[in-house]
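Data block below; observations after.
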Amino acid sequence: MFCTCEIYHQRDDAAEAFMETHYSPARIEQKWQQAWENNQNFRVVEDATKEKYYLLEMFPYPSGRIHMGHVRNYAIGDVVARYKRMRGFNVLHPMGWDAFGMPAENAAIEHGTHPAKWTYENIDSMRVQLKRLGLSYDWQREFATCDPEYSRWEQLIFLKMLEKGLAYKKSSSVNWCPDCQTVLANEQVEEGSCWRCNNLVETKELEQWFFKITEYADELLDFTDQLPGWPERVLAMQRNWIGKSYGCEIEFSVVGGQQGIKVFTTRPDTLFGATFMSLAPEHPMVKQLVTAEQQVEVDAFLATVSTQDKVARTSGELEKQGVFTGSYSVNPLTGEQIPVFLANFVLMDYGTGAVMAVPAHDQRDFEFARKYQLPIRVVIQPEGQEDLIPEQMTEAWTGGGLLVNSGDFNGQPNDDAKEKIAAYLDERGEGHKTVNFRLRDWGVSRQRYWGTPIPIIYCDACGAVPVPEQDLPVLLPDDVELTGEGGSPLARHEGFLQVDCPRCGQTARRESDTFDTFVESSWYFARYACPDFSAGPLDRDAVNHWMPVDQYIGGIEHAVMHLLYARFFTKVLRDLDMLDVDEPFTNLLTQGMVCMETQRCPEHGWLYPEQVKDDACIECGASVDLGRTEKMSKSKKNVVDPNQLIERYGADTARLFSLFAAPPEKDLEWNEQGVEGCSRFIGRVWRAVVENRDLVSNCSPLGEVDGAAAELHRKTHQTIKKVSEDIDGRFHFNTAIASVMELVNAIYAFKAKEDDAAVVREALEAMVRLLAPFVPHLCEELWEVLGYEHGIESHGWPQWDEAALKTSEITLVVQVNGKVRGKVDVATGADNQVMEAAALADPNVQRYMEGKQVRKVICVPGRLVNIVVS
RNA sequence: GCGAGAGUGGCGGAAUUGGUAGACGCGCUAGAUUUAGGAUCUAGUGUCCCGUGGCGUGGGGGUUCGAGUCCCCCCUCUCGCACCA
């Protein structure tokens, strides 16, 4: 058919030509994201012919909107994934959703939206946002942890742990808001009050489920020495958290009582100085120790302590308080009767919940003794100092020294006495050496709706009965009303609660608590190996193929909890025969925070960047105060929305700036002008290719080159080497990008003639391929402009040619007495004599040697000559 | 208090094993583009007196032919832990 309006056709052609010569991120980013999806470029299956590489970034909570922290985290990961893929690895790079948690319940309470609806809608919108960044995930492995298919297997793992005795139930104290009738996490207690209703928080004893992480304490600690790919500070934090300490358990008998009191101490050497004893208020022996005369006082004290929340109890700022029980115990070495106190700073869940108090040598005991006028006895005298006199002491002496007032042990160095007193006690059956951990078992019960139900049924006759495997998963009921008050909605949901006992068939009730959401994130990385496996939690073959994660990337805020729980779970899964590795993450990269300057208007408070124009508030025109640079947060309004950024500059620019502005492990300071700079660089890259397209198309192969062309050729290969080494292992993306910028500058500076086309083409191709992991859309498009049909990754990573790096001459620095006085060119590979001769011949060098005697000449081949004169 | 890390131009940051300190980018300055430009290109930009020179990596000492880098002392900042017996 004829067209009646040929003019429009011409216009279309013109428009097309325009679009192809002008960089349009919106067009090419959409084009390539579509292409990757259509071609399934990032889909991965086990492949015995390729080396596997499992790259994982910490999966996000589906809050609904991505923030700059996500952009940075996932941009870093994507560079590594794309680079490794180009290097020929079979890369597993999955993404999913840490989908259970409180924000969904809060949204339900505030807006009446069901947590599931809220969560899945957020996931849908966040997936779109992540895809807009062009991240190379195998989306077919995506899952959300709130999916019943995930819960099913988590519940099964729990049942297996129960069988092995790794999960158990015990009574434990929690923060309790009497008004909201609910349990609060430590971070929901603000200055002793409930974050929601501001009422005073109490502690309350509740029966809760625990995972026996302490059984793995030693292994978790020992393996911190076998994780060379982890940052030292993360390992240090974990060691600190595990807190292994060597000491002694000693039993003190009670005057007039049958049962003794056990204490744990790291200082058995100070035992002769124990002048009283402090027990945790929750100690099980409190009732039997309190005498009738002291009852009233003790009850008052216990009442006070119960109003102090857990955070305050362990904060260190709390005033030391205590009360005498009326009872006495016997110091096993001195035979002396010492009073037994209750003290608010003694914690029931560390050691034995009882402390032998040695006021002369422990600061807390010292303060306590002074307050309640208890005796202080020095048993260690520091060497080379004046003797300690109790009445004159202003603080405890916690250092070393020789024992005094310690019977047969007098005169011994205290380190020796630790061993000897422990041995002596052991002999007499009054104590023994032991180790103690700060790490406590992991309480996993949460009195919440939006979590994985704990698969237990309580029967009056049979007790706590596990839900039979074939009845899994225990599903959350849909018809719940979330108000935020009156405890967990599950505990009030009769339809959910009522169930027959699987063992005896009698009417029973379900457990209404759900798991801590850290449980889901403790094994998701293994499930990515087999997301659709339906015969169990993990497909052993697939998991053994992919695990461990070769590189894990995420925020430092997870240094202890998540990363320790994940390590623990891996060991549990190993011992349950579900996988075969000891540690989940071989290498860990903890990326820094994304920060930005804060801005404040005297009238309107914190301002978003878009509320400021020319350093003035757009509302009132007042000049704004620049605050300090801090982590981006909504409360300070120092945030940049990734979606707006992508709209304005494109995903490639957003990615490039995140990677260029700072090395990954350091904090990144967001700066609009820096973003502009990256955008400009992308424009330069684009034009370098487009403007040279005619020159380099159909050029002859690269032959012998010399002069400026040889220099560009060398620069190309130097850049390939530099970028390869910066990415591989070092993760110095900022310097990798900087070196490509140098190459681009060199391309611009090079005045190409017709017969230089091959050198220019080589430089352009290297530039495009080296940038592909960082700015993939741009590079795919330019690769196509350069005439290639298949995706850029299929061409692999460029190799540098060692021969091309070599120059016939190199420039040496010549120093006289360590100061640079000249530069000379010598042939590559020149020996020391040649170097020295060239250096001595330099006129300026000679000036500085005039009238002096040469003492020594140091030659560093290829670098410098240093002439030492006197 | 304990533990970890950091301190380099106006700013973000380079300098991988001790070998030209300040790569690269931002900002700034000047020039070009026969109009303008928050576009593009080119050049300059640690600092000090005029130079082919002096000084310069938080401060002080040391090792070395040579120190941002190694050793000792001190100062400042950031992060984590903190009544753990």
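Letters for chains follow the order of the structure tokens (A, B, ...), residue numbers begin at 1 for each chain, and ligand numbers begin at 1 in the order shown.
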For chain A versus chain B, which residues have an atom no more than 6 Å away, and what is each residue's nearest atom pair and distance in Å rounded to one decimal, using only C-alpha atoms (C1' of nucleotides), chain-then-number order, as a Markdown table?
| residue | atom | partner | partner_atom | distance |
| --- | --- | --- | --- | --- |
| A:Arg233 | CA | B:A4 | C1' | 5.2 |
| A:Thr265 | CA | B:A85 | C1' | 5.7 |
| A:Gly316 | CA | B:C83 | C1' | 4.8 |
| A:Phe345 | CA | B:C83 | C1' | 5.7 |
| A:Val355 | CA | B:A85 | C1' | 5.7 |
| A:Gly674 | CA | B:C26 | C1' | 5.7 |
| A:Ala738 | CA | B:C24 | C1' | 4.4 |
| A:Gly818 | CA | B:G66 | C1' | 5.4 |
* Met102 (chain A): which residues within 9 Å, counting only C-alpha atoms (C1' of nucleotides), same-chain residues fewer than 6 positions away excluded, as number ranges by chain? -> A: 448-451
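CA of Ala360 (chain A) to CA of Ala396 (chain A) spans 5.0 Å [interatomic distance, one decimal].
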* Quick one: residues within 12 Å of region 839-853 of chain A, only C-alpha atoms (C1' of nucleotides) counted, chain neighbours fewer than 3 positions away excluded, as number ranges by chain? -> A: 811-826, 832-836, 856-859, 863-870; B: 52
* To do: Write down as a ChimeraX atom specification the residues of region 499-696 of chain A whose backbone DSSP state falls under alpha helix (DSSP H).
  => /A:524-527,540-546,561-575,642-649,651-660,672-696
* **Pairwise distance for CA of Glu391 (chain A) and CA of Ala354 (chain A), rounded to one decimal in Å** =>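 Computing the Euclidean distance for CA of Glu391 (chain A) and CA of Ala354 (chain A) yields 26.4 Å.
From CA of Leu279 (chain A) back to CA of Pro339 (chain A), the distance works out to 11.0 Å.
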